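See below for protein08.cif, which holds mmCIF, C-alpha atoms.
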```cif
data_my_file
loop_
_atom_site.label_atom_id
_atom_site.label_comp_id
_atom_site.auth_asym_id
_atom_site.auth_seq_id
_atom_site.Cartn_x
_atom_site.Cartn_y
_atom_site.Cartn_z
CA MET M 1 6.66 104.24 -17.74
CA LEU M 2 6.21 106.82 -14.98
CA LEU M 3 4.99 105.64 -11.59
CA PHE M 4 1.75 107.66 -11.71
CA GLN M 5 0.99 106.15 -15.14
CA LEU M 6 1.53 102.60 -13.89
CA PHE M 7 -1.00 103.13 -11.11
CA ALA M 8 -3.20 105.70 -12.86
CA ASP M 9 -6.40 103.75 -12.16
CA ASN M 10 -5.55 103.21 -8.49
CA PRO M 11 -2.93 105.70 -7.22
CA THR M 12 -3.16 104.40 -3.65
CA LEU M 13 -1.27 101.27 -4.78
CA ILE M 14 1.84 103.42 -5.09
CA ILE M 15 2.17 103.11 -1.30
CA PRO M 16 2.49 99.28 -1.07
CA TRP M 17 4.67 99.31 -4.21
CA LEU M 18 7.15 101.78 -2.67
CA PHE M 19 7.14 99.94 0.66
CA ALA M 20 7.89 96.66 -1.12
CA LEU M 21 10.68 98.28 -3.12
CA LEU M 22 12.26 99.89 -0.05
CA ILE M 23 12.23 96.54 1.76
CA ALA M 24 13.79 94.76 -1.22
CA ILE M 25 16.66 97.18 -1.87
CA THR M 26 17.39 97.74 1.84
CA ILE M 27 17.69 94.04 2.69
CA HIS M 28 19.69 93.49 -0.50
CA GLU M 29 22.33 96.00 0.62
CA VAL M 30 22.33 94.91 4.27
CA ALA M 31 22.90 91.31 3.14
CA HIS M 32 26.07 92.36 1.29
CA GLY M 33 27.34 94.25 4.32
CA TYR M 34 26.46 91.50 6.77
CA ALA M 35 28.21 88.86 4.66
CA ALA M 36 31.32 91.04 4.51
CA TYR M 37 31.12 91.63 8.27
CA LYS M 38 30.93 87.90 9.01
CA LEU M 39 33.92 87.36 6.71
CA GLY M 40 36.11 89.89 8.47
CA ASP M 41 35.36 93.28 6.91
CA GLU M 42 33.80 95.79 9.32
CA THR M 43 33.61 98.71 6.85
CA ALA M 44 29.82 98.68 6.48
CA PHE M 45 29.36 98.12 10.22
CA SER M 46 31.61 101.05 11.16
CA MET M 47 29.72 103.33 8.75
CA GLY M 48 26.34 102.42 10.22
CA ARG M 49 25.17 100.58 7.11
CA LEU M 50 24.20 97.32 8.82
CA THR M 51 20.76 98.69 9.59
CA LEU M 52 17.30 98.01 8.21
CA ASN M 53 16.54 101.73 8.26
CA PRO M 54 16.12 102.51 4.53
CA LEU M 55 17.21 106.12 5.08
CA ALA M 56 20.76 104.89 5.68
CA HIS M 57 20.84 103.29 2.24
CA LEU M 58 18.97 105.72 -0.02
CA ASP M 59 20.84 107.20 -2.98
CA VAL M 60 19.78 110.65 -4.24
CA LEU M 61 19.40 109.71 -7.91
CA GLY M 62 18.10 106.25 -7.06
CA SER M 63 15.48 107.78 -4.75
CA LEU M 64 14.41 110.24 -7.46
CA MET M 65 13.99 107.36 -9.90
CA LEU M 66 12.03 105.47 -7.24
CA VAL M 67 9.55 108.35 -6.91
CA LEU M 68 9.28 109.04 -10.65
CA VAL M 69 9.28 105.59 -12.24
CA GLY M 70 8.72 103.30 -9.24
CA PHE M 71 12.09 101.59 -9.52
CA GLY M 72 15.40 102.75 -8.13
CA TRP M 73 18.52 101.72 -6.30
CA ALA M 74 20.28 102.18 -2.99
CA LYS M 75 23.81 103.29 -2.21
CA PRO M 76 26.08 100.25 -2.52
CA VAL M 77 27.25 99.05 0.87
CA PRO M 78 30.99 99.81 1.21
CA VAL M 79 33.13 96.69 1.30
CA ASN M 80 36.91 96.55 1.63
CA ILE M 81 37.49 93.38 -0.32
CA ALA M 82 41.05 93.16 0.99
CA ASN M 83 39.64 92.41 4.46
CA VAL M 84 37.30 89.65 3.28
CA GLN M 85 38.48 86.22 4.35
CA ARG M 86 38.33 82.87 2.49
CA GLY M 87 39.77 84.20 -0.76
CA ASN M 88 37.68 84.11 -3.91
CA PHE M 89 34.97 82.10 -2.21
CA GLY M 90 34.59 84.84 0.38
CA LYS M 91 34.33 87.45 -2.37
CA PHE M 92 31.70 85.32 -4.06
CA LEU M 93 29.69 85.05 -0.84
CA VAL M 94 29.70 88.84 -0.38
CA SER M 95 28.60 89.42 -3.99
CA PHE M 96 25.95 86.70 -3.93
CA ALA M 97 24.49 87.61 -0.52
CA GLY M 98 22.31 90.43 -1.86
CA ILE M 99 20.65 88.48 -4.63
CA LEU M 100 20.25 85.45 -2.38
CA ALA M 101 18.44 87.69 0.11
CA ASN M 102 16.07 88.80 -2.66
CA VAL M 103 15.16 85.20 -3.47
CA VAL M 104 14.60 84.36 0.20
CA ILE M 105 12.28 87.35 0.62
CA ALA M 106 10.39 86.35 -2.54
CA VAL M 107 9.89 82.79 -1.28
CA PHE M 108 8.55 83.94 2.08
CA ALA M 109 6.34 86.55 0.41
CA ILE M 110 4.81 84.10 -2.05
CA ILE M 111 4.17 81.50 0.69
CA PHE M 112 2.43 84.15 2.80
CA LEU M 113 0.55 85.24 -0.33
CA LYS M 114 -0.77 81.71 -0.82
CA ILE M 115 -1.90 81.65 2.81
CA VAL M 116 -3.82 84.94 2.64
CA LEU M 117 -5.42 83.95 -0.67
CA SER M 118 -6.53 80.63 0.80
CA ALA M 119 -8.08 82.62 3.66
CA GLY M 120 -10.38 84.25 1.14
CA LEU M 121 -8.85 87.72 0.78
CA SER M 122 -9.74 89.50 -2.45
CA GLU M 123 -7.18 89.76 -5.25
CA VAL M 124 -7.39 93.56 -4.96
CA ASN M 125 -6.85 93.59 -1.18
CA PHE M 126 -3.93 95.85 -0.16
CA LEU M 127 -2.12 93.02 1.67
CA VAL M 128 -2.42 90.78 -1.40
CA LYS M 129 -1.09 93.57 -3.63
CA PHE M 130 1.79 94.28 -1.24
CA LEU M 131 2.86 90.63 -1.11
CA ALA M 132 2.53 90.31 -4.90
CA PHE M 133 4.62 93.46 -5.36
CA LEU M 134 7.18 92.21 -2.84
CA THR M 135 7.49 88.91 -4.72
CA TYR M 136 7.63 90.57 -8.14
CA ILE M 137 10.23 93.19 -7.16
CA ASN M 138 12.54 90.76 -5.37
CA LEU M 139 12.49 88.28 -8.26
CA SER M 140 13.14 91.14 -10.67
CA LEU M 141 16.11 92.31 -8.61
CA PHE M 142 17.46 88.76 -8.49
CA VAL M 143 17.42 88.42 -12.28
CA PHE M 144 18.66 91.96 -12.93
CA ASN M 145 21.58 91.75 -10.52
CA LEU M 146 22.72 88.42 -11.95
CA LEU M 147 23.63 90.10 -15.24
CA PRO M 148 27.44 89.92 -15.69
CA ILE M 149 27.74 93.65 -16.35
CA ALA M 150 29.56 96.11 -14.08
CA PRO M 151 28.61 97.36 -11.54
CA LEU M 152 26.02 94.62 -10.90
CA ASP M 153 26.55 91.69 -8.53
CA GLY M 154 26.62 89.27 -11.44
CA TYR M 155 29.73 90.98 -12.78
CA ARG M 156 31.46 90.71 -9.39
CA ILE M 157 30.56 87.04 -9.22
CA PHE M 158 31.87 86.45 -12.74
CA GLU M 159 35.01 88.48 -12.02
CA THR M 160 35.75 86.34 -8.96
CA PHE M 161 36.01 83.12 -10.97
CA ALA M 162 36.91 84.48 -14.41
CA PRO M 163 40.02 83.11 -16.13
CA ARG M 164 43.18 85.21 -15.85
CA ALA M 165 42.78 86.32 -19.47
CA PHE M 166 39.75 88.36 -18.41
CA GLU M 167 42.03 90.75 -16.53
CA ARG M 168 42.82 92.45 -19.85
CA PHE M 169 39.15 93.34 -20.33
CA ALA M 170 38.34 94.20 -16.72
CA PRO M 171 39.40 97.90 -16.92
CA PHE M 172 37.17 98.39 -19.96
CA MET M 173 34.21 96.78 -18.20
CA GLU M 174 34.80 98.82 -15.06
CA GLN M 175 34.89 102.06 -17.07
CA TRP M 176 32.08 101.40 -19.53
CA GLY M 177 29.94 98.80 -17.79
CA PHE M 178 27.38 101.30 -16.52
CA PHE M 179 26.83 102.68 -20.02
CA ILE M 180 26.60 99.16 -21.45
CA LEU M 181 24.00 98.41 -18.80
CA LEU M 182 21.99 101.51 -19.72
CA ALA M 183 22.09 100.45 -23.38
CA VAL M 184 20.84 96.96 -22.52
CA VAL M 185 18.05 98.39 -20.35
CA PHE M 186 16.80 101.10 -22.71
CA LEU M 187 17.66 99.78 -26.17
CA THR M 188 16.73 96.12 -25.81
CA ASN M 189 14.04 94.03 -24.15
CA ILE M 190 16.46 91.36 -22.96
CA ILE M 191 16.09 92.12 -19.26
CA GLY M 192 12.30 92.30 -19.49
CA ILE M 193 12.16 88.91 -21.20
CA LEU M 194 14.47 87.33 -18.61
CA ILE M 195 12.50 88.77 -15.69
CA TYR M 196 9.13 87.83 -17.20
CA SER M 197 10.32 84.26 -17.89
CA PHE M 198 11.75 83.77 -14.40
CA ILE M 199 8.67 85.17 -12.68
CA ASN M 200 6.44 82.91 -14.78
CA PHE M 201 8.59 79.96 -13.74
CA PHE M 202 8.19 80.99 -10.09
CA SER M 203 4.43 81.34 -10.64
CA TRP M 204 4.28 77.82 -12.02
CA LEU M 205 6.48 76.48 -9.20
CA PHE M 206 4.22 77.87 -6.46
CA SER M 207 0.94 77.85 -8.43
CA VAL M 208 0.49 81.59 -7.83
CA PRO M 209 -0.10 84.04 -10.75
CA ILE M 210 2.36 86.66 -9.51
CA ILE M 211 2.13 89.12 -12.40
CA TYR M 212 -1.68 88.98 -12.48
CA LEU M 213 -1.95 89.49 -8.72
CA ALA M 214 0.50 92.39 -8.86
CA PHE M 215 -0.95 94.28 -11.82
CA GLY M 216 -4.32 92.73 -12.59
CA GLY M 217 -7.57 94.35 -11.50
CA MET M 218 -6.03 97.83 -11.35
#
```

Go ahead and render the structure in this file as structure tokens.
Amino acid sequence: MLLFQLFADNPTLIIPWLFALLIAITIHEVAHGYAAYKLGDETAFSMGRLTLNPLAHLDVLGSLMLVLVGFGWAKPVPVNIANVQRGNFGKFLVSFAGILANVVIAVFAIIFLKIVLSAGLSEVNFLVKFLAFLTYINLSLFVFNLLPIAPLDGYRIFETFAPRAFERFAPFMEQWGFFILLAVVFLTNIIGILIYSFINFFSWLFSVPIIYLAFGGM
């Protein structure tokens, strides 16, 4: 669905949606780079990628997708894995840092959302919508990036602890993983089901109807 179709009844909501998305993908990438930096790899730091300025992280195609469909991606933060200390555990920390950051943002956003709702703000208030979008997008990125398909973080995490026999399949996954991912995204509803289920669990956990607050009343 195109972005203007999603917000056809209230186009002004495109603004908080895009702001929430930029925050989510920027902090996701910075978290990877910062974890690598703390573990001995200064590649991202030397290239100026340890910044919260989203312009430093925007990818051309990912930015185009962001404008057209409301969902995109940033340039992966460069990491020289050979410089990362603490062996496989260090590699795991670098891979997991981005998706952990998304969960942390979601938790803070949903707590703040509960506070502003308890203060009596309307469900269609821009701040409420922004916080709901911020929660929804970060939880979606968490689930999506956990998929064990190259080039996602979940694949890097799996690769770190995979049995040695997996090395025979790694070149195939590296070469074809992106196309496998596209097939999963566009030919199945697996990712949508996983995201919907996880967000509903989060909604139950915090007693906040995230999906309704994000897309209801539009």

Contacts of M:Ala132 at 10 Å (all atoms listed in the file; same-chain gap of 2+ positions) as a list in words: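 The contact residues come out as Pro16, Trp17, Ala20, Ala106, Ala109, Ile110, Phe112, Leu113, Glu123, Phe126, Leu127, Val128, Lys129, Phe130, Leu134, Thr135, Tyr136, Ile137, Val208, Pro209, Ile210, Ile211, Tyr212, Leu213, Ala214 and Phe215 of chain M.
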
Shell of 6 Å around stretch 70-86 of chain M, all atoms listed in the file, local chain residues under 4 positions omitted, as a PyMOL selection string: chain M and resi 3+29+33+39-41+43-44+57-59+62+65-66+90

Test item: the PyMOL selection byres ((chain M and resi 10) around 12) resolved as a PyMOL selection string: chain M and resi 3-9+11-17+124+126+129+215-218

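Distance check against M:Phe96 using all atoms listed in the file: of M:Thr160, M:Ser118, M:Thr26, M:Thr188, the minimum falls on M:Thr160.
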
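Take atom CA of M:Ala101 and atom CA of M:Ile195: the distance between them is 16.9 Å.
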
Near-M:Leu139 list (12 Å; only C-alpha atoms; drop same-chain fewer than 3 positions) as a ChimeraX atom specification: /M:20-21,24-25,28,98-110,132-136,142-146,192,194-203,210-211

Interatomic distance (Å, one decimal) between atom CA of M:Leu182 and atom CA of M:Pro148: 13.4 Å

Write out as lines of an AutoDock Vina configuration file an axis-aligned box for stretch 79-94 of chain M: all of its atoms listed in the file, 6 Å added on each side, centre and edge lengths in Å with one decimal.
```
center_x = 35.4
center_y = 89.4
center_z = 0.2
size_x = 23.4
size_y = 26.6
size_z = 20.5
```

Counting all atoms listed in the file, the residue of M:Ile111, M:Ala150, M:Leu55, M:Met47 that sits nearest M:Phe179: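 Going through M:Ile111, M:Ala150, M:Leu55, M:Met47 one by one, the smallest distance to M:Phe179 is for M:Ala150.
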
Counting all atoms listed in the file, the option among M:Ile115, M:Ile23, M:Ile180, M:Leu187 closest to M:Asn138: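 Going through M:Ile115, M:Ile23, M:Ile180, M:Leu187 one by one, the smallest distance to M:Asn138 is for M:Ile23.
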
Atom CA of M:Leu141 to atom CA of M:Glu159, straight-line distance in Å: 19.6 Å
